[in-house]
There are 2 protein chains.
Amino acid sequence: MEISPTGYVVLGILNWQPRTGYEIKQLVDRSTRFFWAASYGQIYPELKRLSDQRLVSGKADLKSARGRKVYRLTPKGHRELDRWMQRPPETFEMRNEGLLKLFLATGDSPEEIARHLGEMGGNADDVVARLREIREELGAEQASDQLCLRFGIEMNEWIAGWCQRRQRELAGADTKKRAA
Amino acid sequence: MEISPTGYVVLGILNWQPRTGYEIKQLVDRSTRFFWAASYGQIYPELKRLSDQRLVSGKADLKSARGRKVYRLTPKGHRELDRWMQRPPETFEMRNEGLLKLFLATGDSPEEIARHLGEMGGNADDVVARLREIREELGAEQASDQLCLRFGIEMNEWIAGWCQRRQRELAGADTKKRAA
DNA sequence: ATCCACATGTAAGGCGTTACATGATTGG
DNA sequence: CCAATCATGTAACGCCTTACATGTGGAT
(Lines give C-alpha, C1' and ligand atoms only; values in the text may rest on other atoms or scores of the structure.)
Protein backbone atom coordinates (compact mmCIF):
# COMPACT_ATOMS: atom_id res chain seq x y z
CA MET A 1 0.00 0.00 0.00
CA GLU A 2 3.06 2.20 -0.20
CA ILE A 3 3.06 5.07 -2.67
CA SER A 4 6.32 6.23 -4.20
CA PRO A 5 7.24 9.93 -4.13
CA THR A 6 6.51 10.23 -7.82
CA GLY A 7 3.13 8.61 -7.22
CA TYR A 8 2.16 11.74 -5.31
CA VAL A 9 3.20 13.93 -8.22
CA VAL A 10 0.76 11.98 -10.39
CA LEU A 11 -1.97 12.19 -7.75
CA GLY A 12 -1.40 15.92 -7.31
CA ILE A 13 -1.57 16.63 -11.02
CA LEU A 14 -4.72 14.56 -11.48
CA ASN A 15 -6.28 16.51 -8.62
CA TRP A 16 -6.58 19.53 -10.95
CA GLN A 17 -8.14 17.66 -13.84
CA PRO A 18 -8.24 14.24 -15.55
CA ARG A 19 -5.32 13.57 -17.83
CA THR A 20 -3.55 10.82 -19.80
CA GLY A 21 -0.10 9.55 -18.88
CA TYR A 22 1.28 11.39 -21.87
CA GLU A 23 -0.25 14.66 -20.75
CA ILE A 24 1.07 14.19 -17.22
CA LYS A 25 4.56 13.75 -18.59
CA GLN A 26 4.24 16.90 -20.67
CA LEU A 27 3.07 18.92 -17.71
CA VAL A 28 5.84 17.57 -15.50
CA ASP A 29 8.41 18.54 -18.12
CA ARG A 30 7.41 22.17 -17.99
CA SER A 31 6.78 22.44 -14.28
CA THR A 32 8.05 20.09 -11.60
CA ARG A 33 10.91 18.93 -13.77
CA PHE A 34 13.45 21.17 -12.09
CA PHE A 35 12.71 19.94 -8.61
CA TRP A 36 10.98 16.62 -9.24
CA ALA A 37 11.54 14.93 -12.60
CA ALA A 38 9.61 11.90 -13.90
CA SER A 39 9.99 9.75 -17.01
CA TYR A 40 7.51 7.64 -18.99
CA GLY A 41 9.16 4.58 -17.52
CA GLN A 42 7.87 5.74 -14.19
CA ILE A 43 4.59 7.41 -15.00
CA TYR A 44 2.91 4.52 -16.84
CA PRO A 45 3.73 1.81 -14.30
CA GLU A 46 2.85 4.27 -11.54
CA LEU A 47 -0.59 4.91 -13.05
CA LYS A 48 -1.14 1.18 -13.12
CA ARG A 49 -0.14 0.77 -9.47
CA LEU A 50 -2.32 3.69 -8.38
CA SER A 51 -5.16 2.19 -10.36
CA ASP A 52 -4.69 -1.19 -8.63
CA GLN A 53 -4.96 0.62 -5.32
CA ARG A 54 -8.12 2.44 -6.48
CA LEU A 55 -6.51 5.83 -5.96
CA VAL A 56 -7.07 6.75 -9.60
CA SER A 57 -9.38 5.30 -12.22
CA GLY A 58 -8.52 5.10 -15.90
CA LYS A 59 -11.08 5.12 -18.67
CA ALA A 60 -10.30 4.30 -22.29
CA ASP A 61 -11.23 7.28 -24.44
CA LEU A 62 -13.67 5.74 -26.92
CA LYS A 63 -13.61 8.75 -29.22
CA SER A 64 -9.95 8.12 -29.92
CA ALA A 65 -8.68 5.11 -31.82
CA ARG A 66 -5.25 5.87 -30.43
CA GLY A 67 -5.97 4.00 -27.23
CA ARG A 68 -5.81 7.05 -24.97
CA LYS A 69 -6.52 6.33 -21.32
CA VAL A 70 -7.74 9.26 -19.29
CA TYR A 71 -7.13 8.96 -15.57
CA ARG A 72 -8.96 10.79 -12.80
CA LEU A 73 -8.58 10.91 -9.02
CA THR A 74 -10.96 8.73 -7.00
CA PRO A 75 -12.33 9.99 -3.63
CA LYS A 76 -9.89 7.58 -1.98
CA GLY A 77 -7.05 9.05 -4.01
CA HIS A 78 -8.13 12.52 -3.03
CA ARG A 79 -8.03 11.63 0.68
CA GLU A 80 -4.60 10.03 0.28
CA LEU A 81 -3.29 13.16 -1.45
CA ASP A 82 -4.71 15.40 1.27
CA ARG A 83 -3.03 13.39 4.00
CA TRP A 84 0.30 13.62 2.21
CA MET A 85 -0.06 17.36 1.64
CA GLN A 86 -0.58 17.84 5.37
CA ARG A 87 2.61 15.99 6.29
CA PRO A 88 5.81 18.03 6.54
CA PRO A 89 8.20 17.61 3.59
CA GLU A 90 10.98 15.12 4.13
CA THR A 91 13.24 14.98 1.13
CA PHE A 92 15.38 17.93 0.33
CA GLU A 93 18.21 16.75 -1.85
CA MET A 94 20.64 18.24 -4.27
CA ARG A 95 23.07 16.61 -6.62
CA ASN A 96 25.34 19.18 -8.18
CA GLU A 97 28.39 18.03 -10.08
CA GLY A 98 29.74 21.56 -10.40
CA LEU A 99 29.70 22.05 -6.66
CA LEU A 100 31.34 18.65 -6.25
CA LYS A 101 34.15 19.63 -8.60
CA LEU A 102 34.56 22.93 -6.79
CA PHE A 103 34.89 21.02 -3.54
CA LEU A 104 37.37 18.50 -4.90
CA ALA A 105 39.42 21.38 -6.33
CA THR A 106 40.14 22.65 -2.80
CA GLY A 107 43.87 23.26 -2.74
CA ASP A 108 44.11 23.78 -6.50
CA SER A 109 45.19 27.09 -8.05
CA PRO A 110 42.87 30.14 -7.96
CA GLU A 111 42.56 29.80 -11.74
CA GLU A 112 41.24 26.27 -11.41
CA ILE A 113 38.79 27.26 -8.70
CA ALA A 114 37.63 30.19 -10.83
CA ARG A 115 37.10 27.86 -13.77
CA HIS A 116 34.83 25.62 -11.73
CA LEU A 117 32.91 28.64 -10.45
CA GLY A 118 32.47 29.78 -14.03
CA GLU A 119 31.07 26.47 -15.15
CA MET A 120 28.76 26.22 -12.18
CA GLY A 121 27.47 29.73 -12.77
CA GLY A 122 27.08 29.03 -16.47
CA ASN A 123 24.91 26.02 -15.70
CA ALA A 124 22.70 28.13 -13.47
CA ASP A 125 22.41 30.74 -16.23
CA ASP A 126 21.28 28.04 -18.66
CA VAL A 127 18.57 26.90 -16.28
CA VAL A 128 17.39 30.49 -15.86
CA ALA A 129 17.13 30.86 -19.64
CA ARG A 130 15.05 27.69 -20.01
CA LEU A 131 12.74 28.64 -17.16
CA ARG A 132 12.22 32.11 -18.61
CA GLU A 133 11.19 30.54 -21.90
CA ILE A 134 8.63 28.40 -20.13
CA ARG A 135 7.30 31.43 -18.28
CA GLU A 136 6.97 33.37 -21.52
CA GLU A 137 5.00 30.57 -23.12
CA LEU A 138 2.62 30.47 -20.20
CA GLY A 139 1.35 34.03 -20.61
CA ALA A 140 1.01 36.74 -18.00
CA GLU A 141 -2.15 35.67 -16.16
CA GLN A 142 -1.05 32.12 -15.54
CA ALA A 143 2.55 33.07 -14.87
CA SER A 144 1.66 35.15 -11.82
CA ASP A 145 0.33 31.93 -10.34
CA GLN A 146 3.58 30.10 -10.80
CA LEU A 147 5.41 30.58 -7.52
CA CYS A 148 7.67 27.60 -8.16
CA LEU A 149 8.72 28.82 -11.57
CA ARG A 150 9.63 32.12 -9.96
CA PHE A 151 11.56 30.26 -7.29
CA GLY A 152 13.51 28.34 -9.91
CA ILE A 153 14.41 31.47 -11.81
CA GLU A 154 15.38 33.52 -8.79
CA MET A 155 17.34 30.77 -7.09
CA ASN A 156 19.37 30.06 -10.19
CA GLU A 157 19.98 33.77 -10.67
CA TRP A 158 21.23 33.88 -7.10
CA ILE A 159 23.53 30.92 -7.73
CA ALA A 160 24.96 32.52 -10.88
CA GLY A 161 25.50 35.76 -8.95
CA TRP A 162 27.21 33.94 -6.09
CA CYS A 163 29.61 32.26 -8.50
CA GLN A 164 30.46 35.60 -10.09
CA ARG A 165 31.08 37.27 -6.75
CA ARG A 166 33.40 34.47 -5.65
CA GLN A 167 35.25 34.68 -8.98
CA ARG A 168 35.78 38.41 -8.52
CA GLU A 169 37.04 37.89 -4.98
CA LEU A 170 39.54 35.34 -6.23
CA ALA A 171 40.72 37.64 -9.00
CA GLY A 172 41.16 40.46 -6.46
CA ALA A 173 43.12 38.31 -4.01
CA ASP A 174 45.24 37.02 -6.82
CA THR A 175 46.11 40.52 -8.08
CA LYS A 176 47.08 41.63 -4.60
CA LYS A 177 49.29 38.58 -4.14
CA ARG A 178 51.05 39.15 -7.45
CA ALA A 179 51.60 42.81 -6.60
CA ALA A 180 53.11 41.98 -3.18
CA MET B 1 35.55 0.69 -17.49
CA GLU B 2 32.78 3.03 -16.49
CA ILE B 3 33.10 4.91 -13.23
CA SER B 4 29.98 5.88 -11.32
CA PRO B 5 29.53 9.48 -10.16
CA THR B 6 30.21 8.48 -6.59
CA GLY B 7 33.38 6.77 -7.76
CA TYR B 8 34.77 10.20 -8.58
CA VAL B 9 33.94 11.45 -5.10
CA VAL B 10 36.08 8.62 -3.73
CA LEU B 11 38.86 9.34 -6.22
CA GLY B 12 38.77 13.05 -5.43
CA ILE B 13 38.96 12.50 -1.69
CA LEU B 14 41.82 10.03 -1.98
CA ASN B 15 43.65 12.58 -4.10
CA TRP B 16 44.28 14.64 -0.95
CA GLN B 17 45.53 11.76 1.17
CA PRO B 18 45.21 8.00 1.69
CA ARG B 19 42.18 6.98 3.71
CA THR B 20 40.06 3.98 4.71
CA GLY B 21 36.49 3.51 3.52
CA TYR B 22 35.29 4.43 6.97
CA GLU B 23 37.23 7.68 6.92
CA ILE B 24 35.93 8.54 3.46
CA LYS B 25 32.37 8.11 4.68
CA GLN B 26 33.06 10.36 7.68
CA LEU B 27 34.51 13.08 5.48
CA VAL B 28 31.63 12.85 3.02
CA ASP B 29 29.15 13.23 5.87
CA ARG B 30 30.62 16.55 6.89
CA SER B 31 31.33 17.94 3.45
CA THR B 32 29.83 16.73 0.18
CA ARG B 33 26.80 15.29 1.94
CA PHE B 34 24.59 18.26 1.11
CA PHE B 35 25.23 18.14 -2.60
CA TRP B 36 26.52 14.60 -3.08
CA ALA B 37 25.71 12.00 -0.44
CA ALA B 38 27.23 8.50 -0.22
CA SER B 39 26.51 5.52 2.02
CA TYR B 40 28.70 2.62 3.16
CA GLY B 41 26.72 0.40 0.83
CA GLN B 42 28.21 2.41 -2.00
CA ILE B 43 31.63 3.32 -0.75
CA TYR B 44 32.92 -0.18 0.03
CA PRO B 45 31.83 -1.83 -3.23
CA GLU B 46 33.06 1.27 -5.06
CA LEU B 47 36.52 0.97 -3.50
CA LYS B 48 36.62 -2.63 -4.64
CA ARG B 49 35.64 -1.73 -8.22
CA LEU B 50 38.18 1.11 -8.36
CA SER B 51 40.78 -1.26 -7.01
CA ASP B 52 39.93 -3.83 -9.72
CA GLN B 53 40.50 -1.11 -12.30
CA ARG B 54 43.84 -0.17 -10.67
CA LEU B 55 42.63 3.39 -10.04
CA VAL B 56 43.24 3.01 -6.33
CA SER B 57 45.30 0.54 -4.34
CA GLY B 58 44.37 -0.73 -0.92
CA LYS B 59 46.85 -1.90 1.68
CA ALA B 60 45.91 -3.72 4.85
CA ASP B 61 47.14 -1.72 7.82
CA LEU B 62 49.35 -4.23 9.62
CA LYS B 63 49.58 -2.14 12.76
CA SER B 64 45.89 -2.57 13.32
CA ALA B 65 44.21 -5.86 14.15
CA ARG B 66 40.93 -4.26 13.16
CA GLY B 67 41.46 -5.06 9.53
CA ARG B 68 41.72 -1.47 8.36
CA LYS B 69 42.41 -1.07 4.67
CA VAL B 70 44.02 2.19 3.64
CA TYR B 71 43.46 3.17 0.03
CA ARG B 72 45.53 5.55 -2.04
CA LEU B 73 45.26 6.93 -5.57
CA THR B 74 47.40 5.24 -8.23
CA PRO B 75 48.96 7.33 -11.04
CA LYS B 76 46.29 5.89 -13.34
CA GLY B 77 43.60 6.96 -10.88
CA HIS B 78 45.11 10.42 -10.73
CA ARG B 79 44.96 10.77 -14.50
CA GLU B 80 41.36 9.57 -14.58
CA LEU B 81 40.41 12.10 -11.90
CA ASP B 82 42.15 14.90 -13.79
CA ARG B 83 40.29 14.11 -16.99
CA TRP B 84 36.99 14.14 -15.15
CA MET B 85 37.80 17.43 -13.42
CA GLN B 86 38.44 19.02 -16.82
CA ARG B 87 35.05 17.96 -18.19
CA PRO B 88 32.14 20.35 -17.70
CA PRO B 89 29.68 19.31 -15.00
CA GLU B 90 26.61 17.48 -16.25
CA THR B 91 24.30 16.65 -13.39
CA PHE B 92 22.52 19.45 -11.66
CA GLU B 93 19.53 18.00 -9.88
CA MET B 94 17.27 18.95 -7.07
CA ARG B 95 14.58 16.98 -5.34
CA ASN B 96 12.62 19.16 -3.00
CA GLU B 97 9.41 17.83 -1.50
CA GLY B 98 8.51 21.22 -0.03
CA LEU B 99 8.68 22.87 -3.42
CA LEU B 100 6.65 20.01 -4.88
CA LYS B 101 3.92 20.52 -2.28
CA LEU B 102 3.97 24.25 -2.91
CA PHE B 103 3.47 23.55 -6.61
CA LEU B 104 0.67 21.05 -6.09
CA ALA B 105 -1.04 23.55 -3.76
CA THR B 106 -1.51 25.96 -6.68
CA GLY B 107 -5.13 27.02 -6.47
CA ASP B 108 -5.39 26.32 -2.75
CA SER B 109 -6.08 29.06 -0.19
CA PRO B 110 -3.39 31.66 0.65
CA GLU B 111 -3.21 30.10 4.12
CA GLU B 112 -2.35 26.72 2.65
CA ILE B 113 0.27 28.23 0.36
CA ALA B 114 1.74 30.14 3.29
CA ARG B 115 1.92 26.95 5.33
CA HIS B 116 3.92 25.23 2.61
CA LEU B 117 6.23 28.23 2.35
CA GLY B 118 6.74 28.11 6.10
CA GLU B 119 7.70 24.45 6.06
CA MET B 120 10.02 24.89 3.12
CA GLY B 121 11.73 27.83 4.79
CA GLY B 122 11.96 25.93 8.06
CA ASN B 123 13.74 23.08 6.31
CA ALA B 124 16.24 25.51 4.84
CA ASP B 125 16.81 27.03 8.29
CA ASP B 126 17.54 23.58 9.69
CA VAL B 127 20.14 22.93 7.03
CA VAL B 128 21.77 26.29 7.75
CA ALA B 129 21.99 25.39 11.44
CA ARG B 130 23.65 22.04 10.73
CA LEU B 131 26.12 23.56 8.29
CA ARG B 132 27.05 26.29 10.76
CA GLU B 133 27.79 23.63 13.35
CA ILE B 134 30.09 21.87 10.93
CA ARG B 135 31.84 25.15 10.13
CA GLU B 136 32.33 25.89 13.80
CA GLU B 137 33.91 22.49 14.39
CA LEU B 138 36.32 23.05 11.53
CA GLY B 139 38.04 26.10 13.05
CA ALA B 140 38.74 29.45 11.44
CA GLU B 141 41.77 28.68 9.27
CA GLN B 142 40.26 25.66 7.57
CA ALA B 143 36.81 27.20 7.32
CA SER B 144 38.02 30.03 5.09
CA ASP B 145 38.98 27.32 2.62
CA GLN B 146 35.51 25.86 2.53
CA LEU B 147 33.82 27.59 -0.38
CA CYS B 148 31.20 24.86 -0.67
CA LEU B 149 30.25 25.05 2.97
CA ARG B 150 29.77 28.76 2.52
CA PHE B 151 27.68 28.12 -0.57
CA GLY B 152 25.48 25.71 1.34
CA ILE B 153 24.92 28.15 4.18
CA GLU B 154 24.28 31.17 1.98
CA MET B 155 22.02 29.37 -0.47
CA ASN B 156 19.86 27.97 2.28
CA GLU B 157 19.71 31.37 3.94
CA TRP B 158 18.56 32.78 0.62
CA ILE B 159 15.88 30.08 0.32
CA ALA B 160 14.61 30.75 3.84
CA GLY B 161 14.51 34.47 3.08
CA TRP B 162 12.64 33.90 -0.19
CA CYS B 163 10.00 31.86 1.60
CA GLN B 164 9.55 34.58 4.20
CA ARG B 165 9.22 37.30 1.58
CA ARG B 166 6.57 35.32 -0.31
CA GLN B 167 4.71 34.66 2.94
CA ARG B 168 4.66 38.38 3.72
CA GLU B 169 3.42 39.18 0.22
CA LEU B 170 0.61 36.70 0.63
CA ALA B 171 -0.35 38.12 4.02
CA GLY B 172 -0.37 41.62 2.54
CA ALA B 173 -2.52 40.65 -0.46
CA ASP B 174 -4.84 38.79 1.84
CA THR B 175 -5.34 41.77 4.18
CA LYS B 176 -6.08 44.03 1.25
CA LYS B 177 -8.65 41.59 -0.15
CA ARG B 178 -10.41 41.28 3.20
CA ALA B 179 -10.48 45.05 3.60
CA ALA B 180 -11.97 45.56 0.13
C1' DA C 1 31.29 -5.92 32.00
C1' DT C 2 29.37 -2.89 28.94
C1' DC C 3 28.90 0.52 25.62
C1' DC C 4 30.47 3.33 22.04
C1' DA C 5 33.27 4.21 18.16
C1' DC C 6 35.92 1.92 14.79
C1' DA C 7 35.81 -0.98 10.74
C1' DT C 8 34.32 -3.88 6.66
C1' DG C 9 31.28 -5.82 4.04
C1' DT C 10 26.73 -8.03 1.70
C1' DA C 11 21.72 -8.56 0.34
C1' DA C 12 17.38 -6.97 -0.83
C1' DG C 13 14.85 -3.81 -2.62
C1' DG C 14 13.29 0.92 -4.24
C1' DC C 15 13.56 4.35 -7.44
C1' DG C 16 14.70 6.02 -11.66
C1' DT C 17 16.54 6.45 -16.57
C1' DT C 18 17.30 4.93 -21.26
C1' DA C 19 16.29 2.43 -24.96
C1' DC C 20 13.30 -0.24 -27.29
C1' DA C 21 8.80 -1.81 -29.45
C1' DT C 22 4.55 -0.57 -31.41
C1' DG C 23 1.14 1.86 -33.61
C1' DA C 24 -2.40 5.99 -34.83
C1' DT C 25 -3.23 10.76 -36.40
C1' DT C 26 -2.36 15.14 -38.35
C1' DG C 27 -0.31 18.67 -41.22
C1' DG C 28 2.39 19.94 -44.97
C1' DC D 1 3.30 10.15 -48.54
C1' DC D 2 6.24 11.48 -45.00
C1' DA D 3 7.53 13.50 -40.75
C1' DA D 4 6.26 14.96 -36.39
C1' DT D 5 3.51 14.33 -32.66
C1' DC D 6 0.44 11.65 -30.03
C1' DA D 7 0.14 7.58 -27.20
C1' DT D 8 1.18 3.38 -24.31
C1' DG D 9 3.94 0.29 -22.54
C1' DT D 10 8.15 -3.00 -21.16
C1' DA D 11 13.02 -4.56 -20.26
C1' DA D 12 17.45 -3.88 -18.79
C1' DC D 13 20.17 -1.75 -16.10
C1' DG D 14 22.36 1.83 -12.86
C1' DC D 15 22.48 3.96 -8.63
C1' DC D 16 21.54 4.27 -4.05
C1' DT D 17 19.60 3.28 0.69
C1' DT D 18 18.51 0.36 4.51
C1' DA D 19 19.17 -3.29 7.12
C1' DC D 20 21.80 -6.91 8.40
C1' DA D 21 26.04 -9.57 9.83
C1' DT D 22 30.41 -9.51 12.03
C1' DG D 23 34.07 -8.33 14.80
C1' DT D 24 37.92 -5.13 17.42
C1' DG D 25 39.54 -1.60 20.75
C1' DG D 26 39.20 1.68 24.22
C1' DA D 27 36.96 4.03 27.93
C1' DT D 28 34.14 3.88 32.13
# chains A, B, ... in the order shown; residues from 1 in each chain; ligands from 1
call {"tool": "residues_around", "arguments": {"residues": "Gln26 in chain A", "least_positions_apart": "3", "cutoff": "12 Å", "atoms": "only C-alpha atoms (C1' of nucleotides)", "output": "list in words"}}
result
Val10, Ile13, Arg19, Thr20, Gly21, Tyr22, Glu23, Asp29, Arg30, Ser31, Thr32, Arg33, Ala37, Ala38, Ser39, Tyr40 and Ile43 of chain A; DC6 of chain D
call {"tool": "select_by_dssp", "arguments": {"residues": "range 40-139 of chain B", "states": "helix (DSSP H, G or I)", "output": "PyMOL selection string"}}
result
chain B and resi 40-52+75-86+97-104+110-138
call {"tool": "interface_residues", "arguments": {"of": "chain B", "to": "chain A", "cutoff": "7 Å", "atoms": "only C-alpha atoms", "output": "MDAnalysis selection string"}}
result
chainID B and resid 12:13 32 34:36 85 88:101 103:104 119 148
call {"tool": "interface_residues", "arguments": {"of": "chain B", "to": "chain D", "cutoff": "8 Å", "atoms": "only C-alpha atoms (C1' of nucleotides)", "output": "list in words"}}
result
Ser39, Gly41, Gln42, Ala65 and Arg66 of chain B
call {"tool": "atom_distance", "arguments": {"atom1": "CA of Ser51 in chain A", "atom2": "CA of Lys63 in chain A"}}
result
21.7 Å
call {"tool": "select_by_dssp", "arguments": {"residues": "range 60-112 of chain A", "states": "strand (DSSP E or B)", "output": "NGL selection string"}}
result
:A and (60 or 69-73 or 92-96)
call {"tool": "atom_distance", "arguments": {"atom1": "CA of Glu136 in chain B", "atom2": "CA of Arg150 in chain B"}}
result
11.9 Å
call {"tool": "residues_around", "arguments": {"residues": "Arg168 in chain B", "least_positions_apart": "3", "cutoff": "12 Å", "atoms": "only C-alpha atoms (C1' of nucleotides)", "output": "PyMOL selection string"}}
result
chain B and resi 110-111+113-115+117-118+161-165+171-175
call {"tool": "interface_residues", "arguments": {"of": "chain C", "to": "chain B", "cutoff": "10 Å", "atoms": "only C-alpha atoms (C1' of nucleotides)", "output": "count of residues only"}}
result
5
call {"tool": "atom_distance", "arguments": {"atom1": "CA of Glu157 in chain B", "atom2": "CA of Val128 in chain B"}}
result
6.7 Å
